[in-house]
$ cat coords.cif   # mmCIF, C-alpha atoms
data_structure
#
loop_
_atom_site.label_atom_id
_atom_site.label_comp_id
_atom_site.auth_asym_id
_atom_site.auth_seq_id
_atom_site.Cartn_x
_atom_site.Cartn_y
_atom_site.Cartn_z
CA MET A 1 0.00 0.00 0.00
CA SER A 2 1.26 3.46 -0.88
CA ALA A 3 2.34 5.51 2.12
CA GLU A 4 0.33 8.46 0.82
CA PHE A 5 -2.79 6.87 -0.70
CA ASP A 6 -5.03 4.01 0.40
CA ALA A 7 -6.66 3.46 -3.01
CA VAL A 8 -6.44 4.29 -6.71
CA ILE A 9 -9.65 5.28 -8.50
CA LEU A 10 -9.50 5.18 -12.28
CA ASP A 11 -11.31 6.97 -15.08
CA ILE A 12 -11.96 4.84 -18.19
CA ASP A 13 -12.00 6.75 -21.50
CA GLY A 14 -8.66 8.41 -22.19
CA THR A 15 -7.16 6.66 -19.16
CA ILE A 16 -7.67 2.90 -19.48
CA TRP A 17 -8.59 2.69 -23.16
CA ASN A 18 -9.63 4.61 -26.27
CA THR A 19 -12.94 3.46 -27.78
CA THR A 20 -13.66 6.63 -29.76
CA GLY A 21 -13.03 5.12 -33.22
CA ILE A 22 -15.31 2.16 -32.49
CA VAL A 23 -17.93 4.30 -30.77
CA ALA A 24 -18.06 6.85 -33.62
CA VAL A 25 -19.02 4.12 -36.10
CA ALA A 26 -21.62 2.74 -33.67
CA TRP A 27 -23.18 6.14 -32.93
CA ASN A 28 -23.37 7.00 -36.62
CA LYS A 29 -25.26 3.77 -37.16
CA ALA A 30 -27.67 4.90 -34.43
CA VAL A 31 -28.06 8.30 -36.12
CA GLU A 32 -29.02 6.54 -39.37
CA LYS A 33 -31.43 4.17 -37.61
CA THR A 34 -33.34 6.94 -35.87
CA GLY A 35 -33.54 9.01 -39.06
CA TYR A 36 -33.43 12.34 -37.21
CA GLY A 37 -31.09 13.90 -39.77
CA VAL A 38 -28.60 15.16 -37.19
CA ARG A 39 -24.86 15.41 -37.70
CA LYS A 40 -22.65 12.36 -37.47
CA VAL A 41 -19.58 12.13 -35.26
CA ASN A 42 -15.97 11.05 -35.55
CA ALA A 43 -13.27 10.01 -33.07
CA GLN A 44 -11.92 13.56 -32.75
CA ILE A 45 -15.33 14.97 -31.85
CA LEU A 46 -15.90 12.24 -29.27
CA GLN A 47 -12.50 12.76 -27.65
CA LYS A 48 -13.59 16.31 -26.81
CA GLU A 49 -16.89 15.06 -25.37
CA PHE A 50 -15.91 11.90 -23.53
CA GLY A 51 -15.56 12.55 -19.82
CA LYS A 52 -18.80 14.53 -19.66
CA THR A 53 -22.02 12.92 -18.46
CA MET A 54 -24.04 11.22 -21.18
CA ASP A 55 -26.88 13.78 -21.14
CA VAL A 56 -24.41 16.65 -21.58
CA ILE A 57 -22.70 14.86 -24.49
CA ALA A 58 -26.05 14.40 -26.25
CA ALA A 59 -26.96 18.06 -25.71
CA ASP A 60 -23.56 19.16 -27.06
CA LEU A 61 -23.78 16.98 -30.15
CA TRP A 62 -27.44 17.43 -31.06
CA PRO A 63 -28.72 20.71 -29.55
CA GLU A 64 -31.40 21.02 -32.23
CA LEU A 65 -33.22 17.91 -30.99
CA GLU A 66 -35.88 18.16 -28.30
CA LYS A 67 -34.95 16.24 -25.15
CA GLU A 68 -37.29 13.32 -25.86
CA LYS A 69 -35.68 12.64 -29.25
CA ARG A 70 -32.18 13.17 -27.82
CA ASP A 71 -32.91 10.55 -25.17
CA ILE A 72 -34.14 8.10 -27.82
CA LEU A 73 -31.05 8.69 -29.95
CA LEU A 74 -28.73 8.39 -26.95
CA ALA A 75 -30.30 5.08 -25.94
CA GLU A 76 -29.82 3.78 -29.49
CA CYS A 77 -26.21 5.02 -29.44
CA CYS A 78 -25.56 3.13 -26.21
CA THR A 79 -27.09 -0.06 -27.63
CA GLU A 80 -24.99 0.10 -30.81
CA GLU A 81 -21.89 1.04 -28.79
CA GLN A 82 -22.22 -2.00 -26.51
CA ILE A 83 -22.58 -4.31 -29.53
CA ALA A 84 -19.57 -2.77 -31.30
CA ILE A 85 -17.27 -2.88 -28.26
CA ARG A 86 -18.33 -6.42 -27.41
CA ASN A 87 -17.55 -7.51 -30.99
CA ASN A 88 -14.21 -5.69 -31.11
CA ASP A 89 -11.16 -7.96 -31.01
CA VAL A 90 -8.46 -5.27 -31.28
CA ASP A 91 -6.59 -4.21 -28.12
CA ILE A 92 -7.67 -0.62 -27.45
CA THR A 93 -6.16 -0.29 -23.98
CA TYR A 94 -3.30 2.16 -23.55
CA PRO A 95 0.16 0.56 -23.27
CA GLY A 96 0.94 -0.90 -19.87
CA VAL A 97 -2.50 -0.38 -18.32
CA VAL A 98 -3.54 -3.99 -17.81
CA ASP A 99 -0.07 -5.22 -16.81
CA THR A 100 0.44 -2.35 -14.35
CA ILE A 101 -2.93 -2.84 -12.65
CA ILE A 102 -2.32 -6.57 -12.31
CA GLU A 103 1.21 -5.99 -10.98
CA LEU A 104 0.16 -3.38 -8.42
CA SER A 105 -3.08 -5.07 -7.35
CA SER A 106 -1.31 -7.22 -4.77
CA GLN A 107 -0.44 -4.03 -2.84
CA GLU A 108 -3.00 -1.46 -4.06
CA ASN A 109 -6.79 -1.37 -4.14
CA PHE A 110 -8.19 -0.25 -7.51
CA TYR A 111 -11.63 1.26 -8.14
CA ILE A 112 -13.38 2.99 -11.07
CA VAL A 113 -15.58 6.09 -11.26
CA SER A 114 -16.80 7.18 -14.68
CA ASN A 115 -19.45 9.44 -16.22
CA CYS A 116 -20.49 6.55 -18.49
CA GLN A 117 -23.81 4.77 -18.91
CA SER A 118 -24.76 1.64 -16.97
CA GLY A 119 -23.10 -1.50 -18.30
CA TYR A 120 -20.07 0.24 -19.80
CA ILE A 121 -17.75 -0.42 -16.86
CA GLU A 122 -18.82 -4.06 -16.70
CA LEU A 123 -18.15 -4.44 -20.44
CA MET A 124 -14.71 -2.82 -20.11
CA LEU A 125 -13.81 -5.16 -17.22
CA GLU A 126 -14.95 -8.15 -19.26
CA LYS A 127 -13.06 -7.14 -22.42
CA THR A 128 -9.81 -6.27 -20.62
CA GLY A 129 -9.86 -9.11 -18.09
CA LEU A 130 -9.52 -6.58 -15.26
CA ALA A 131 -12.66 -7.63 -13.33
CA PRO A 132 -10.71 -9.55 -10.63
CA TYR A 133 -8.56 -6.49 -9.88
CA ILE A 134 -11.24 -3.81 -9.46
CA LYS A 135 -12.78 -3.72 -5.98
CA ASP A 136 -15.81 -1.54 -6.73
CA PHE A 137 -17.08 1.05 -9.22
CA GLU A 138 -19.65 3.78 -9.69
CA CYS A 139 -21.00 5.72 -12.68
CA PHE A 140 -23.44 8.37 -13.85
CA GLY A 141 -25.66 5.75 -15.49
CA ARG A 142 -26.30 4.09 -12.15
CA THR A 143 -26.70 7.10 -9.85
CA GLY A 144 -27.62 9.97 -12.18
CA LYS A 145 -24.96 11.99 -10.36
CA GLY A 146 -21.79 13.70 -11.55
CA LYS A 147 -18.26 12.49 -10.96
CA ALA A 148 -17.59 14.43 -7.75
CA GLU A 149 -20.68 12.98 -6.08
CA ASN A 150 -19.89 9.49 -7.34
CA LEU A 151 -16.32 9.78 -6.06
CA ILE A 152 -17.68 10.62 -2.62
CA ILE A 153 -20.23 7.78 -2.79
CA LEU A 154 -17.54 5.24 -3.68
CA LYS A 155 -15.09 6.66 -1.13
CA ASP A 156 -17.65 6.46 1.69
CA ARG A 157 -18.97 3.04 0.66
CA ASN A 158 -15.47 1.56 0.77
CA GLN A 159 -14.29 3.58 3.79
CA LEU A 160 -11.41 5.13 1.88
CA SER A 161 -9.44 7.93 3.50
CA PHE A 162 -6.92 9.18 0.93
CA PRO A 163 -7.65 7.87 -2.59
CA LEU A 164 -5.83 9.03 -5.73
CA TYR A 165 -7.93 9.59 -8.86
CA VAL A 166 -6.34 9.04 -12.26
CA GLY A 167 -8.04 10.85 -15.15
CA ASP A 168 -7.16 12.73 -18.33
CA THR A 169 -9.20 15.96 -18.46
CA GLN A 170 -9.70 19.30 -16.77
CA GLY A 171 -13.20 18.08 -15.97
CA ASP A 172 -11.72 15.21 -13.98
CA CYS A 173 -9.44 17.67 -12.19
CA ASN A 174 -12.38 19.94 -11.31
CA GLU A 175 -14.47 17.06 -9.99
CA CYS A 176 -11.60 15.82 -7.81
CA ILE A 177 -11.23 19.31 -6.32
CA LYS A 178 -14.96 19.31 -5.51
CA ALA A 179 -14.68 15.87 -3.92
CA GLY A 180 -11.48 16.70 -2.01
CA ILE A 181 -9.53 13.93 -3.75
CA SER A 182 -5.98 14.04 -5.15
CA PHE A 183 -5.78 14.00 -8.95
CA ALA A 184 -3.11 12.47 -11.18
CA TRP A 185 -3.28 13.64 -14.81
CA ALA A 186 -2.97 10.97 -17.51
CA SER A 187 -1.42 13.31 -20.09
CA TYR A 188 -1.41 10.59 -22.77
CA GLY A 189 -5.25 10.74 -22.84
CA PHE A 190 -7.79 13.04 -24.47
CA GLY A 191 -7.51 16.28 -22.55
CA THR A 192 -5.43 18.74 -20.60
CA ALA A 193 -5.35 19.71 -16.92
CA SER A 194 -4.16 22.92 -15.33
CA SER A 195 -3.36 21.50 -11.90
CA TYR A 196 -2.58 18.02 -10.63
CA TYR A 197 -0.69 16.11 -7.97
CA LYS A 198 1.43 14.28 -10.57
CA GLU A 199 1.51 13.89 -14.33
CA ILE A 200 1.38 10.37 -15.75
CA LYS A 201 2.96 10.36 -19.22
CA LYS A 202 2.41 6.62 -19.53
CA PHE A 203 0.26 4.47 -17.28
CA SER A 204 3.19 2.56 -15.81
CA ASP A 205 4.37 5.86 -14.26
CA LEU A 206 1.79 5.06 -11.60
CA LYS A 207 4.29 2.62 -10.08
CA ASN A 208 6.65 5.49 -9.21
CA ILE A 209 3.86 7.60 -7.72
CA LEU A 210 2.71 4.76 -5.45
CA LYS A 211 6.15 3.79 -4.15
#

$ encode --input "coords.cif" --output "structure tokens"
Amino acid sequence: MSAEFDAVILDIDGTIWNTTGIVAVAWNKAVEKTGYGVRKVNAQILQKEFGKTMDVIAADLWPELEKEKRDILLAECCTEEQIAIRNNDVDITYPGVVDTIIELSSQENFYIVSNCQSGYIELMLEKTGLAPYIKDFECFGRTGKGKAENLIILKDRNQLSFPLYVGDTQGDCNECIKAGISFAWASYGFGTASSYYKEIKKFSDLKNILK
């Protein structure tokens, strides 16, 4: 166990893996199926949106749709996304993520908090083989709450005192400040961060932080 932290809480997109190419294709299929005539997306667009809660992403991408239609489209996007990720057989994890988590799991407790929909974390754990190494998780899809609130929920539920959150965006940084949790910036991911406890240029850098 790290002398400074009693747990590591991980973000998913831009931290553990990059699904944006796969998800863009899936969401565009959903756009076609619903026939709403809204704009399609690509990986670059999604990289700027991932990390926000799902309702905010939908509002950003398709502001012209009334909420009812946005919700229908978003549900279709999530369905197509789950199918596409489940069928994917290419390794989309960032280098060293799986090996580092497995290596450190004998000394460190790992958790996940994400702004994703329900079922996404479970699918990621299944596809990466990381399920045995993650103690607990929480997400927007399950609670309807933002990342700061979910960080506090998970922290309290597992009686954590000094967790470290690893994420890749300024949004992650802001939510950690709200929750009173230390933030390590995964600079290899999608976004930037103006303040952080440590920068992680590659995931295996976590080993040095937790010494």

$ closest_atom_pairs --input "coords.cif" --of "range 87-132 of chain A" --to "range 146-153 of chain A" --cutoff "9 Å" --atoms "all atoms listed in the file" --output "Markdown table"
| residue | atom | partner | partner_atom | distance |
| --- | --- | --- | --- | --- |
| A:Ile112 | CA | A:Leu151 | CA | 8.9 |
| A:Val113 | CA | A:Leu151 | CA | 6.4 |
| A:Ser114 | CA | A:Lys147 | CA | 6.6 |
| A:Asn115 | CA | A:Lys147 | CA | 6.2 |

$ closest_residue --input "coords.cif" --among "A:Lys135, A:Asn87, A:Trp27, A:Leu125" --to "Arg157 in chain A" --atoms "all atoms listed in the file"
A:Lys135

$ axis_aligned_box --input "coords.cif" --around "range 42-56 of chain A" --padding-each-side "6 Å" --output "AutoDock Vina command-line options"
--center_x -19.4 --center_y 13.3 --center_z -27.0 --size_x 27.0 --size_y 18.6 --size_z 29.1

$ residues_around --input "coords.cif" --residues "range 89-94 of chain A" --least-positions-apart "6" --cutoff "9 Å" --atoms "only C-alpha atoms" --output "ChimeraX atom specification"
/A:14-19,127-128,188-189,202-203

$ resolve_selection --input "coords.cif" --expression "the PyMOL selection byres ((chain A and resi 77) around 9)" --output "mmCIF file with C-alpha atoms, in the frame of the given file"
data_model
loop_
_atom_site.group_PDB
_atom_site.id
_atom_site.type_symbol
_atom_site.label_atom_id
_atom_site.label_comp_id
_atom_site.auth_asym_id
_atom_site.auth_seq_id
_atom_site.Cartn_x
_atom_site.Cartn_y
_atom_site.Cartn_z
ATOM 1 C CA VAL A 23 -17.930 4.300 -30.770
ATOM 2 C CA ALA A 26 -21.620 2.740 -33.670
ATOM 3 C CA TRP A 27 -23.180 6.140 -32.930
ATOM 4 C CA ASN A 28 -23.370 7.000 -36.620
ATOM 5 C CA LYS A 29 -25.260 3.770 -37.160
ATOM 6 C CA ALA A 30 -27.670 4.900 -34.430
ATOM 7 C CA VAL A 31 -28.060 8.300 -36.120
ATOM 8 C CA ILE A 72 -34.140 8.100 -27.820
ATOM 9 C CA LEU A 73 -31.050 8.690 -29.950
ATOM 10 C CA LEU A 74 -28.730 8.390 -26.950
ATOM 11 C CA ALA A 75 -30.300 5.080 -25.940
ATOM 12 C CA GLU A 76 -29.820 3.780 -29.490
ATOM 13 C CA CYS A 78 -25.560 3.130 -26.210
ATOM 14 C CA THR A 79 -27.090 -0.060 -27.630
ATOM 15 C CA GLU A 80 -24.990 0.100 -30.810
ATOM 16 C CA GLU A 81 -21.890 1.040 -28.790
ATOM 17 C CA GLN A 82 -22.220 -2.000 -26.510
#

$ resolve_selection --input "coords.cif" --expression "the PyMOL selection byres ((chain A and resi 97-110) around 6)" --output "list in words"
Met1, Ala7, Val8, Ile9, Tyr94, Pro95, Gly96, Tyr111, Ile134, Lys135, Phe203 and Ser204 of chain A

$ closest_residue --input "coords.cif" --among "A:Cys116, A:Ile121, A:Val166, A:Ile177" --to "Val56 in chain A" --atoms "all atoms listed in the file"
A:Cys116

$ atom_distance --input "coords.cif" --atom1 "CA of Phe190 in chain A" --atom2 "CA of Ser161 in chain A"
28.5 Å

$ atom_distance --input "coords.cif" --atom1 "CA of Ala84 in chain A" --atom2 "CA of Asn42 in chain A"
14.9 Å

$ resolve_selection --input "coords.cif" --expression "the PyMOL selection byres ((chain A and resi 39) around 9)" --output "PyMOL selection string"
chain A and resi 28+31+37-38+40-41+61-62

$ atom_distance --input "coords.cif" --atom1 "CA of Ile57 in chain A" --atom2 "CA of Glu175 in chain A"
16.8 Å
